[in-house]
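One structure is given here, and the rest of the page talks about it.
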Amino acid sequence: MAKLTVVNPVARPLTRRYPRALREPSLAGKRVGLYWNLKSGGDVALERAGELIAARFADVRLYRFEGSVGFLMRHATAADAERIAAACDVVIGATAD
Amino acid sequence: MRDARRSAENFGIPDLALAVVPEPLTNQKPEAIRRMVDGAIEQIIAGLTQNPFAPAEPGKEIVLLEDKELVFEGEDELEALERMNETFLSYGWSDGFPLRAPTPRAVEAMLAGTRRDPEAVVAVLEPGFGQATVLKVAANAVMAGCLPQHLPVLLAAIECLAEPAMNLRNKAMSTGSHAPLIWVNGPVRKRAGLNSGVCALGPGAPSRANSAIGRALRLCMMNLGHCYPGVSDMDTVGTPAKYAMCVAENEEQSPFAPYHVERGFRAEQSVVTVHFVYGLCELFDFVSTEPQPLLEVFASPALNLAQVSTAMWLIGHRADPRSGATEREHHTLFLCPDHARLLATHGVDKQAIRRELFKRARIPFRQAMLNKERHAMETARPELMWLWESPETMVPVVEDPQCYELLVVGGAAGRGTFFWGAGAPVSRAIDEEE
């Protein structure tokens with residue numbers, strides 16, 4: 001029986017973890033952000049999601065956002081994220097492809 | 001779902017609430033998209049209101065083993081090697097071709113190619129944030145068939161990938177086929193045995209170093225950056241260009257200053273450049289004896305609307321929101337020595353070539369916007385919205401003449417290569433003390 005010993009070629013990842021925001025049980029009265037990254041079709045999906053949520057929960061307010069940098073796909077900068085977080089209670093995004 | 005979950009795990013948000021629709025939203029009519037959202041609305045509301053949110057499925061697995069070394073057994077060493085190859089393939093660690101065994105002895109021999117500490121971290125590579133130590137790079141170099149003298153080129157190429165300006169996450173994970181094209185300038189070309197002449201892009205014996213280094217960079221993207229096809233590399237079709245693309249500039253046959261000198265490096269420095277590209281085509285012309293028709297031929301591939309970078313400047317720039325880095329879309333042209341000499345003998349230098357390409361590679365605005373979101377242009381280029389009223393206005397396919405990268409590569413006869421680029425190239429000097 002022959003043995004072949006080899007070096008493990010796979011790198012260890014730097015592990016990071018960002019805690020998830022706590023949810024509230026109802027969207028009634030909430031400010032709902034719709035974040036579009038400009039991928040085709042994402043805007044239609046977000047609008048529909050907003051419509052359905054507004055129809056189900058009372059006093060929902062919808063806010064629309066886009067990232068401030070990018071091209072085919074526009075990204076949210078840290079400043080964008082802060083602005084969105086300040087303006088909304090929850091946010092929905094669409095990745096499209 | 002599982003690939004989206006994998007991405008969330010990579011980015012440190014494993015419990016991100018995801019809602020899944022049956023098809024991508026792209027290329028869908030609005031009514032079809034609305035129907036898909038109707039079917040997913042309970043998932044969306046659950047993600048916004050349930051605490052904690054229980055993912056329906058785990059992320060696609062990547063195999064990370066703590067073991068420093070792995071042992072394979074067989075009736076003989078060939079069978080053990082075959083088992084290693086089958087196992088690595090099943091883990092996703094292989095590019096699909098047989099690998100050399102990264103035995104401790106082979107890796108140690110590879111490390112003779114550098115003076116760096118084997119445990120030094122060369123880069124942290126996205127999308128998986130893998131810590132690319134010199135040792136791990138060397139192991140992948142062995143698997144790819146590299147020699148020790150190739151290692152400094154590979155290390156510099158990895159450093160190029162890790163530059164914030166490279167925006168690697170975008171290129172590694174996209175549904176578009178972004179393939180790293182490496183080119184090398186300076187004295188290291190000879191030391192590494194890189195081919196800059198006939199068949200420089202391979203395959204075959206003259207391009208052993210080219211093939212091995214190009215392959216090693218792909219393996220490093222996979223095993224060090226955890227950019228695994230179907231898991232975190234989501235190309236719709238993929239491309240054979242991703243297996244290996246590495247050349248040296250044919251500085252000896254070029255009538256122009258070498259690429260790295262043009263970019264501000266000293267001639268005696270060795271410099272590695274990486275440019276992610278979508279694909280390539282030939283720059284064929286056996287007929288022209290004057291610059292103008294030749295440059296018209298050179299400009300023609302850039303007119304290809306089906307390439308994502310064509311006139312993409314109309315809707316903004318590729319950007320990394322974390323570093324603030326933005327990129328223009330560049331194309332790369334390998335001029336063959338014959339064509340380069342023809343141009344130079346008529347007094348046409350690289351800047352003149354760029355100006356001509358910029359002037360000639362233009363398409364009607366109407367056509368340029370066929371595959372782009374109008375709203376994206378409203379956001380990025382509001383000052384140009386008047387073009388919608390003049391749709392036949394010709395617009396350049398890149399935004400600046402400097403978006404054409406030019407170098408001389410290849411042997412005799414009038415056939416160069418055009419690469420449709422994705423963003424801009426990044427160059428890195430090799431530390432000659434290595």
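Chain identifiers are assigned as A, B, and so on, following the order in which chains appear in the structure tokens; residues are numbered from 1 within each chain, and ligands are numbered from 1 in order of appearance.
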
**OP:** Show which residues sit within 8 Å of region 60-64 of chain A, as a list in words. Count only C-alpha atoms, and ignore same-chain residues fewer than 5 positions away.
**Re:** Leu27, Ala28, Gly29, Lys30, Arg31, Val32, Gly33, Leu34, Tyr35, Trp36, Gly50, Ile53, Ala54 and Cys88 of chain A

**OP:** Residues of chain A no more than 8 Å from chain B, counting only C-alpha atoms: send them over as a count of residues only.
**Re:** 48

At a cut-off of 9 Å, can you tabulate as CSV every residue of region 226-321 of chain B near region 411-420 of chain B together with its closest atom pair and the distance in Å to one decimal, using only C-alpha atoms and ordering rows by chain then number?
residue,atom,partner,partner_atom,distance
B:Asn250,CA,B:Gly411,CA,8.7
B:Gln253,CA,B:Gly411,CA,8.8
B:Phe276,CA,B:Trp420,CA,8.9
B:Val277,CA,B:Trp420,CA,5.5
B:Tyr278,CA,B:Trp420,CA,5.5
B:Gly279,CA,B:Trp420,CA,5.6
B:Leu280,CA,B:Phe419,CA,4.3
B:Cys281,CA,B:Phe418,CA,5.3
B:Glu282,CA,B:Thr417,CA,4.6
B:Leu283,CA,B:Gly416,CA,4.6
B:Phe284,CA,B:Arg415,CA,4.5
B:Asp285,CA,B:Gly414,CA,5.6
B:Phe286,CA,B:Gly414,CA,5.4
B:Val287,CA,B:Gly414,CA,8.7
B:Phe298,CA,B:Phe418,CA,8.0
B:Pro301,CA,B:Phe418,CA,7.1
B:Ala302,CA,B:Trp420,CA,7.3
B:Gln307,CA,B:Trp420,CA,7.0
B:Val308,CA,B:Trp420,CA,8.7
B:Ser309,CA,B:Trp420,CA,7.3
B:Thr310,CA,B:Trp420,CA,8.5

**OP:** Using DSSP on the backbone, list every residue of region 102-199 of chain B that comes out as helix (DSSP H, G or I), and give them as a VMD selection string.
**Re:** chain B and resid 104 to 111 134 to 144 148 to 162 164 to 166 168 to 173 188 to 192

Give me a file of those residues, with N, CA and C atoms, as a short mmCIF file (atom, residue, chain, number, x, y, z; two decimals), in the first residue's frame.
data_model
loop_
_atom_site.label_atom_id
_atom_site.label_comp_id
_atom_site.auth_asym_id
_atom_site.auth_seq_id
_atom_site.Cartn_x
_atom_site.Cartn_y
_atom_site.Cartn_z
N PRO B 104 4.61 17.75 0.45
CA PRO B 104 5.44 18.69 1.23
C PRO B 104 6.78 18.97 0.54
N ARG B 105 7.35 17.94 -0.07
CA ARG B 105 8.64 18.16 -0.74
C ARG B 105 8.49 19.07 -1.97
N ALA B 106 7.44 18.83 -2.74
CA ALA B 106 7.22 19.65 -3.94
C ALA B 106 6.90 21.10 -3.55
N VAL B 107 6.14 21.28 -2.48
CA VAL B 107 5.80 22.64 -2.05
C VAL B 107 7.05 23.34 -1.52
N GLU B 108 7.86 22.60 -0.79
CA GLU B 108 9.10 23.20 -0.29
C GLU B 108 9.99 23.63 -1.45
N ALA B 109 10.07 22.78 -2.46
CA ALA B 109 10.88 23.14 -3.64
C ALA B 109 10.30 24.38 -4.33
N MET B 110 8.99 24.46 -4.38
CA MET B 110 8.34 25.64 -4.98
C MET B 110 8.69 26.90 -4.20
N LEU B 111 8.73 26.78 -2.88
CA LEU B 111 9.01 27.94 -2.02
C LEU B 111 10.41 28.49 -2.24
N VAL B 134 1.77 32.47 1.53
CA VAL B 134 2.74 32.06 0.51
C VAL B 134 2.73 30.54 0.35
N LEU B 135 2.59 29.83 1.48
CA LEU B 135 2.55 28.36 1.44
C LEU B 135 1.38 27.85 0.61
N LYS B 136 0.21 28.43 0.83
CA LYS B 136 -0.98 27.98 0.10
C LYS B 136 -0.86 28.32 -1.40
N VAL B 137 -0.28 29.49 -1.68
CA VAL B 137 -0.05 29.85 -3.08
C VAL B 137 0.88 28.83 -3.71
N ALA B 138 1.93 28.48 -2.98
CA ALA B 138 2.91 27.52 -3.51
C ALA B 138 2.25 26.16 -3.77
N ALA B 139 1.37 25.74 -2.87
CA ALA B 139 0.70 24.45 -3.06
C ALA B 139 -0.14 24.46 -4.34
N ASN B 140 -0.85 25.55 -4.57
CA ASN B 140 -1.65 25.64 -5.79
C ASN B 140 -0.77 25.76 -7.03
N ALA B 141 0.37 26.42 -6.87
CA ALA B 141 1.32 26.52 -7.98
C ALA B 141 1.83 25.14 -8.37
N VAL B 142 2.13 24.32 -7.36
CA VAL B 142 2.56 22.94 -7.65
C VAL B 142 1.45 22.21 -8.40
N MET B 143 0.23 22.31 -7.90
CA MET B 143 -0.88 21.58 -8.53
C MET B 143 -1.04 21.98 -9.99
N ALA B 144 -0.76 23.26 -10.30
CA ALA B 144 -0.93 23.77 -11.67
C ALA B 144 0.22 23.39 -12.59
N PRO B 148 9.52 26.72 -9.62
CA PRO B 148 9.80 27.76 -8.61
C PRO B 148 9.99 29.15 -9.21
N GLN B 149 10.59 29.23 -10.39
CA GLN B 149 10.83 30.55 -10.99
C GLN B 149 9.54 31.23 -11.46
N HIS B 150 8.44 30.49 -11.45
CA HIS B 150 7.15 31.09 -11.81
C HIS B 150 6.47 31.74 -10.61
N LEU B 151 6.91 31.36 -9.41
CA LEU B 151 6.18 31.77 -8.21
C LEU B 151 6.13 33.29 -8.02
N PRO B 152 7.23 34.03 -8.24
CA PRO B 152 7.12 35.49 -8.06
C PRO B 152 6.07 36.13 -8.97
N VAL B 153 5.92 35.59 -10.17
CA VAL B 153 4.90 36.14 -11.09
C VAL B 153 3.51 35.86 -10.52
N LEU B 154 3.32 34.65 -10.03
CA LEU B 154 2.01 34.29 -9.47
C LEU B 154 1.70 35.13 -8.24
N LEU B 155 2.68 35.32 -7.38
CA LEU B 155 2.45 36.12 -6.16
C LEU B 155 2.05 37.55 -6.53
N ALA B 156 2.72 38.11 -7.52
CA ALA B 156 2.37 39.48 -7.93
C ALA B 156 0.98 39.52 -8.55
N ALA B 157 0.64 38.48 -9.31
CA ALA B 157 -0.70 38.44 -9.92
C ALA B 157 -1.78 38.38 -8.83
N ILE B 158 -1.50 37.63 -7.77
CA ILE B 158 -2.46 37.56 -6.65
C ILE B 158 -2.58 38.92 -5.97
N GLU B 159 -1.46 39.60 -5.83
CA GLU B 159 -1.53 40.95 -5.25
C GLU B 159 -2.35 41.89 -6.13
N CYS B 160 -2.25 41.71 -7.45
CA CYS B 160 -3.10 42.51 -8.35
C CYS B 160 -4.58 42.25 -8.06
N LEU B 161 -4.92 40.97 -7.89
CA LEU B 161 -6.33 40.63 -7.63
C LEU B 161 -6.84 41.31 -6.36
N ALA B 162 -5.95 41.43 -5.38
CA ALA B 162 -6.38 41.92 -4.07
C ALA B 162 -6.42 43.44 -3.98
N PRO B 164 -7.78 47.00 -4.10
CA PRO B 164 -9.18 47.48 -4.11
C PRO B 164 -9.64 47.93 -5.49
N ALA B 165 -8.71 48.47 -6.27
CA ALA B 165 -9.08 48.94 -7.61
C ALA B 165 -9.54 47.81 -8.51
N MET B 166 -9.21 46.57 -8.16
CA MET B 166 -9.58 45.44 -9.00
C MET B 166 -11.05 45.07 -8.85
N LEU B 168 -12.51 42.75 -7.09
CA LEU B 168 -12.51 41.32 -7.39
C LEU B 168 -13.85 40.65 -7.12
N ARG B 169 -14.54 41.09 -6.07
CA ARG B 169 -15.80 40.42 -5.74
C ARG B 169 -16.76 40.47 -6.92
N ASN B 170 -16.85 41.62 -7.52
CA ASN B 170 -17.75 41.79 -8.68
C ASN B 170 -17.39 40.82 -9.79
N LYS B 171 -16.11 40.72 -10.09
CA LYS B 171 -15.69 39.92 -11.23
C LYS B 171 -15.71 38.43 -10.92
N ALA B 172 -15.44 38.09 -9.67
CA ALA B 172 -15.39 36.68 -9.30
C ALA B 172 -16.78 36.06 -9.25
N MET B 173 -17.77 36.82 -8.81
CA MET B 173 -19.07 36.24 -8.51
C MET B 173 -20.14 36.47 -9.57
N VAL B 188 11.88 39.46 -15.57
CA VAL B 188 11.33 38.20 -15.07
C VAL B 188 10.78 37.34 -16.21
N ARG B 189 10.47 37.96 -17.33
CA ARG B 189 9.95 37.18 -18.47
C ARG B 189 10.92 36.07 -18.83
N LYS B 190 12.21 36.44 -18.85
CA LYS B 190 13.24 35.45 -19.24
C LYS B 190 13.47 34.45 -18.11
N ARG B 191 13.56 34.98 -16.89
CA ARG B 191 13.83 34.07 -15.75
C ARG B 191 12.73 33.03 -15.61
N ALA B 192 11.50 33.46 -15.87
CA ALA B 192 10.37 32.53 -15.71
C ALA B 192 10.16 31.67 -16.95
#

Subject >> Option closest in space to Ala422 (chain B), from B:Val274, B:Ala257, B:Met394, B:Val184 [counting only C-alpha atoms] >> reply: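 Of all the options, B:Val274 lies closest to Ala422 (chain B).
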
**OP:** Output as a list in words all residues of region 13-93 of chain A that backbone DSSP marks as strand (DSSP E or B).
**Re:**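 Residues meeting the strand (DSSP E or B) criterion: Pro13, Arg31, Val32, Gly33, Leu34, Tyr35, Trp36, Arg61, Leu62, Tyr63, Arg64, Phe65, Glu66, Val69, Gly70, Arg74, His75, Val90, Val91, Ile92 and Gly93 of chain A.
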
Subject >> Atom-to-atom span, CA of Ser90 (chain B) and CA of Met221 (chain B), Å >> reply: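 Straight-line distance from CA of Ser90 (chain B) to CA of Met221 (chain B) works out to 17.4 Å.
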